[in-house]
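Taking it in order: structure first as structure tokens, then the write-up.
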Amino acid sequence: MKFTHEPMFWFLLVAVSLLGIGIYGLLSRKSILKMIISIEIIVNGANVGLAAFATQHGADGIILTFFAIALAALEVAVGLSLLIILARKYGITFPEKLNNLRW
Amino acid sequence: MLLYFLILFAVVVATAIAAIELTNLIWVLVAFATLLTEIALFYFSLGFPLLGAFQLAVYAGGVAILVLFAILTIGEREEERRESKLAAGVALAVFITALIASLWMGLTTKPYLDISLEEIGKVFIEKYALLVIPLGFTAIGIIYGAYYLLSKKLEKEE
């Protein structure tokens, strides 16, 4: 099924809802894993917004969404590898205990 | 059509909330993977099959497996919860502001463009192909930098 006659507002509503839920999760959770997942929800909301605008303005939005997805996957890989190393070596899974880089 | 959209929207919002609110991390992963798959359905429905396939492969495939690996490695732990009234307030404020902006921009909808794969490829080659090279170097730099910092730190600790 293709949404070719729906107003673009509906897709922006999806994007905005994901943004709000992601920000809530980012601010209200203590676990690093949940924070990473919240960031991913925000990024996905932004991607849906980009794709929605691409239906109005041409192929640039789709290509930017490709870049955003690739970079977000990279960010998840780095974040999760840091989380695994922190958990295995130091037993840290909560960001409050992560104060080794303070000066 | 609107009903189909509303069902998709309800599932997306429900799974996003479940991914944040559930405490069992395996169920969090299930909700998160469902959310990513539903977003791929949105891309398919918008008429961007390549983007949907990319979302399924990279996010619902790769990222979900990475999160599963992380959960299995660190184990399931109960999390303490932070005072969430302020977080809910900030999230609500952002949501309302963005909703107003969306209303403003989204109501002036032009007819949807039919963007073919050939057009995407042409725009990519003409405008964005050179951008891939610095992006690739940036990606390598990020991964190598994180690895270098951590390995140095672990060496000092040992």
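Ligands are numbered from 1 in the order shown, residues from 1 within each chain, and chains are lettered A, B, ... in the order they appear in the structure tokens.
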Quiz item: Leaving out Ile36 of chain A and any residue of its chain fewer than 5 positions from it, which residues lie within 9 Å of it when counting only C-alpha atoms, given as a PyMOL selection string?
Solution: chain A and resi 26+31+41+76+79-80
Resulting file, chosen residues, C-alpha atoms, as a JSON list (two decimals), in the first residue's frame:
[["chain", "number", "residue", "atom", "x", "y", "z"],
["A", 26, "LEU", "CA", 16.96, 9.73, 27.24],
["A", 31, "SER", "CA", 20.88, 2.53, 31.99],
["A", 41, "ILE", "CA", 14.42, 6.29, 18.52],
["A", 76, "VAL", "CA", 25.33, 2.28, 17.84],
["A", 79, "GLY", "CA", 28.30, 2.98, 21.82],
["A", 80, "LEU", "CA", 27.55, -0.68, 22.39]]
Practice problem: Tell me, as a PyMOL selection string, which residues lie within 7 Å of Thr65 of chain A, counting only C-alpha atoms; anything in the same chain fewer than 2 positions away does not count. | Solution: chain A and resi 47+50-51+61-63+67-69
Writing out the chosen residues with N, CA and C atoms as a PDB file, in the first residue's frame:
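Printed below is again_39.pdb as written:
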ATOM      1  N   ASN A  47      14.754  10.475  10.725  1.00  0.00           N
ATOM      2  CA  ASN A  47      14.787   9.826   9.398  1.00  0.00           C
ATOM      3  C   ASN A  47      13.414   9.801   8.742  1.00  0.00           C
ATOM      4  N   LEU A  50      12.809  13.207   7.411  1.00  0.00           N
ATOM      5  CA  LEU A  50      13.574  13.435   6.172  1.00  0.00           C
ATOM      6  C   LEU A  50      12.906  12.762   4.982  1.00  0.00           C
ATOM      7  N   ALA A  51      12.462  11.504   5.194  1.00  0.00           N
ATOM      8  CA  ALA A  51      11.813  10.771   4.094  1.00  0.00           C
ATOM      9  C   ALA A  51      10.504  11.448   3.706  1.00  0.00           C
ATOM     10  N   GLY A  61      16.496  14.162  -0.012  1.00  0.00           N
ATOM     11  CA  GLY A  61      16.087  13.711   1.316  1.00  0.00           C
ATOM     12  C   GLY A  61      16.327  12.226   1.515  1.00  0.00           C
ATOM     13  N   ILE A  62      16.109  11.440   0.463  1.00  0.00           N
ATOM     14  CA  ILE A  62      16.312   9.984   0.574  1.00  0.00           C
ATOM     15  C   ILE A  62      17.794   9.692   0.771  1.00  0.00           C
ATOM     16  N   ILE A  63      18.631  10.386   0.015  1.00  0.00           N
ATOM     17  CA  ILE A  63      20.079  10.140   0.128  1.00  0.00           C
ATOM     18  C   ILE A  63      20.579  10.557   1.500  1.00  0.00           C
ATOM     19  N   PHE A  67      22.487   8.278   4.436  1.00  0.00           N
ATOM     20  CA  PHE A  67      23.671   8.661   5.222  1.00  0.00           C
ATOM     21  C   PHE A  67      23.357   8.611   6.713  1.00  0.00           C
ATOM     22  N   ALA A  68      22.180   9.130   7.085  1.00  0.00           N
ATOM     23  CA  ALA A  68      21.815   9.171   8.508  1.00  0.00           C
ATOM     24  C   ALA A  68      21.705   7.766   9.085  1.00  0.00           C
ATOM     25  N   ILE A  69      21.127   6.841   8.314  1.00  0.00           N
ATOM     26  CA  ILE A  69      20.985   5.462   8.812  1.00  0.00           C
ATOM     27  C   ILE A  69      22.367   4.827   8.983  1.00  0.00           C
TER      28      ILE A  69
END
Practice problem: Compare B:Ala16, B:Val30, B:Leu56, B:Val11 by their minimum atom-to-atom distance to chain A, counting only C-alpha atoms, and give me the closest one. | Solution: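 For chain A, the nearest of the given residues is B:Ala16.
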Self-check item: Residues within 8 Å of Phe32 of chain B, only C-alpha atoms, excluding chain neighbours under 4 positions, as number ranges by chain
Solution: A: 37; B: 15-16, 19, 28, 36, 64
Exercise. Name the closest residue to Ala98 of chain B among the candidates A:Phe53, A:Phe66, A:Phe94, A:Phe9; distances are taken between atoms, counting only C-alpha atoms.
Key: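 Using only C-alpha atoms, the shortest distance to Ala98 of chain B belongs to A:Phe9.
Shortest separation to Gly58 of chain A among B:Ala139, B:Ile115, B:Leu130, B:Leu72 occurs at residue B:Ile115, atoms counted being only C-alpha atoms.
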Quiz prompt | Contacts of Gly49 of chain A within 7 Å, only C-alpha atoms, excl. fewer than 4 positions in-chain, as a list in words | solution = Phe11, Leu12, Ala15, Gly45 and Phe53 of chain A
Prev. selection, C-alpha atoms, output as a short mmCIF file (atom, residue, chain, number, x, y, z; two decimals), in the first residue's frame:
data_model
loop_
_atom_site.label_atom_id
_atom_site.label_comp_id
_atom_site.auth_asym_id
_atom_site.auth_seq_id
_atom_site.Cartn_x
_atom_site.Cartn_y
_atom_site.Cartn_z
CA PHE A 11 4.32 11.50 8.73
CA LEU A 12 5.62 14.50 10.60
CA ALA A 15 8.48 11.78 13.49
CA GLY A 45 12.10 9.98 14.07
CA PHE A 53 10.14 15.87 3.15
#
Quiz item: Which value, in Å to one decimal, gives the distance between atom CA of Ala77 of chain A and atom CA of Leu22 of chain B?
Solution: 22.5 Å
Quiz item: In terms of the shortest atom-to-atom distance over only C-alpha atoms, which of A:Tyr90, A:Ala59, A:Leu64, A:Ile42 is closest to chain B?
Solution: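 Once distances to chain B are computed over only C-alpha atoms, the minimum belongs to A:Ala59.
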Self-check item: Per-residue DSSP, chain A, filtered to alpha helix (DSSP H), as number ranges by chain
Solution: A: 8-28, 32-57, 60-90
Practice problem: For Ile39 of chain A, list every protein, DNA or RNA residue within 12 Å, evaluated using only C-alpha atoms, and leave out those in the same chain fewer than 5 positions away; present the list as a PyMOL selection string. | Solution: (chain A and resi 18-27+29+32-34+44-46+72-73+75-76+79) or (chain B and resi 16+19-20+32)
Output N, CA and C atoms for every residue in the selection just made, as a compact mmCIF listing (two decimals), in the first residue's frame.
# COMPACT_ATOMS: atom_id res chain seq x y z
N LEU A 18 8.03 10.12 17.81
CA LEU A 18 9.25 9.39 18.13
C LEU A 18 10.27 10.29 18.80
N LEU A 19 10.34 11.55 18.36
CA LEU A 19 11.26 12.51 18.99
C LEU A 19 10.91 12.71 20.46
N GLY A 20 9.62 12.91 20.75
CA GLY A 20 9.19 13.13 22.14
C GLY A 20 9.45 11.91 23.01
N ILE A 21 9.11 10.73 22.50
CA ILE A 21 9.32 9.50 23.29
C ILE A 21 10.82 9.27 23.53
N GLY A 22 11.62 9.53 22.50
CA GLY A 22 13.06 9.34 22.64
C GLY A 22 13.66 10.30 23.65
N ILE A 23 13.24 11.55 23.63
CA ILE A 23 13.77 12.52 24.60
C ILE A 23 13.35 12.14 26.01
N TYR A 24 12.11 11.69 26.16
CA TYR A 24 11.67 11.24 27.48
C TYR A 24 12.54 10.08 27.97
N GLY A 25 12.79 9.12 27.10
CA GLY A 25 13.62 7.98 27.49
C GLY A 25 15.04 8.38 27.82
N LEU A 26 15.58 9.30 27.02
CA LEU A 26 16.96 9.73 27.24
C LEU A 26 17.12 10.43 28.59
N LEU A 27 16.11 11.22 28.98
CA LEU A 27 16.22 11.98 30.22
C LEU A 27 15.79 11.18 31.44
N ARG A 29 15.95 7.63 31.93
CA ARG A 29 16.53 6.31 32.19
C ARG A 29 17.97 6.42 32.64
N ILE A 32 22.72 2.80 30.42
CA ILE A 32 23.34 3.28 29.18
C ILE A 32 22.66 2.64 27.97
N LEU A 33 22.29 1.36 28.10
CA LEU A 33 21.65 0.67 26.98
C LEU A 33 20.32 1.33 26.60
N LYS A 34 19.54 1.68 27.65
CA LYS A 34 18.26 2.33 27.37
C LYS A 34 18.49 3.72 26.75
N ASN A 44 15.60 7.75 14.43
CA ASN A 44 14.60 7.18 13.51
C ASN A 44 13.48 8.17 13.24
N GLY A 45 13.10 8.93 14.27
CA GLY A 45 12.10 9.98 14.07
C GLY A 45 12.59 11.00 13.05
N ALA A 46 13.86 11.40 13.19
CA ALA A 46 14.43 12.36 12.23
C ALA A 46 14.45 11.77 10.83
N ALA A 72 24.11 6.38 11.98
CA ALA A 72 23.48 5.98 13.24
C ALA A 72 23.86 4.55 13.59
N ALA A 73 23.96 3.68 12.57
CA ALA A 73 24.39 2.31 12.83
C ALA A 73 25.82 2.30 13.37
N GLU A 75 27.24 4.72 15.02
CA GLU A 75 27.19 5.26 16.38
C GLU A 75 26.74 4.18 17.38
N VAL A 76 25.78 3.37 16.96
CA VAL A 76 25.33 2.28 17.84
C VAL A 76 26.46 1.29 18.06
N GLY A 79 28.90 2.86 20.48
CA GLY A 79 28.30 2.98 21.82
C GLY A 79 28.17 1.64 22.50
N ALA B 16 7.59 1.98 20.71
CA ALA B 16 8.61 2.93 21.19
C ALA B 16 8.49 3.11 22.70
N ALA B 19 9.73 -0.07 24.39
CA ALA B 19 11.19 -0.20 24.37
C ALA B 19 11.83 0.61 25.49
N ILE B 20 11.17 1.67 25.92
CA ILE B 20 11.73 2.49 26.99
C ILE B 20 11.23 2.05 28.37
N PHE B 32 11.95 -2.96 20.36
CA PHE B 32 12.80 -2.08 19.54
C PHE B 32 12.89 -2.60 18.11
Quiz item: Taking only C-alpha atoms into account, which of B:Leu46, B:Ile100, B:Leu117, B:Ile125 comes nearest chain A?
Solution: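 Closest to chain A, using only C-alpha atoms: B:Leu46.
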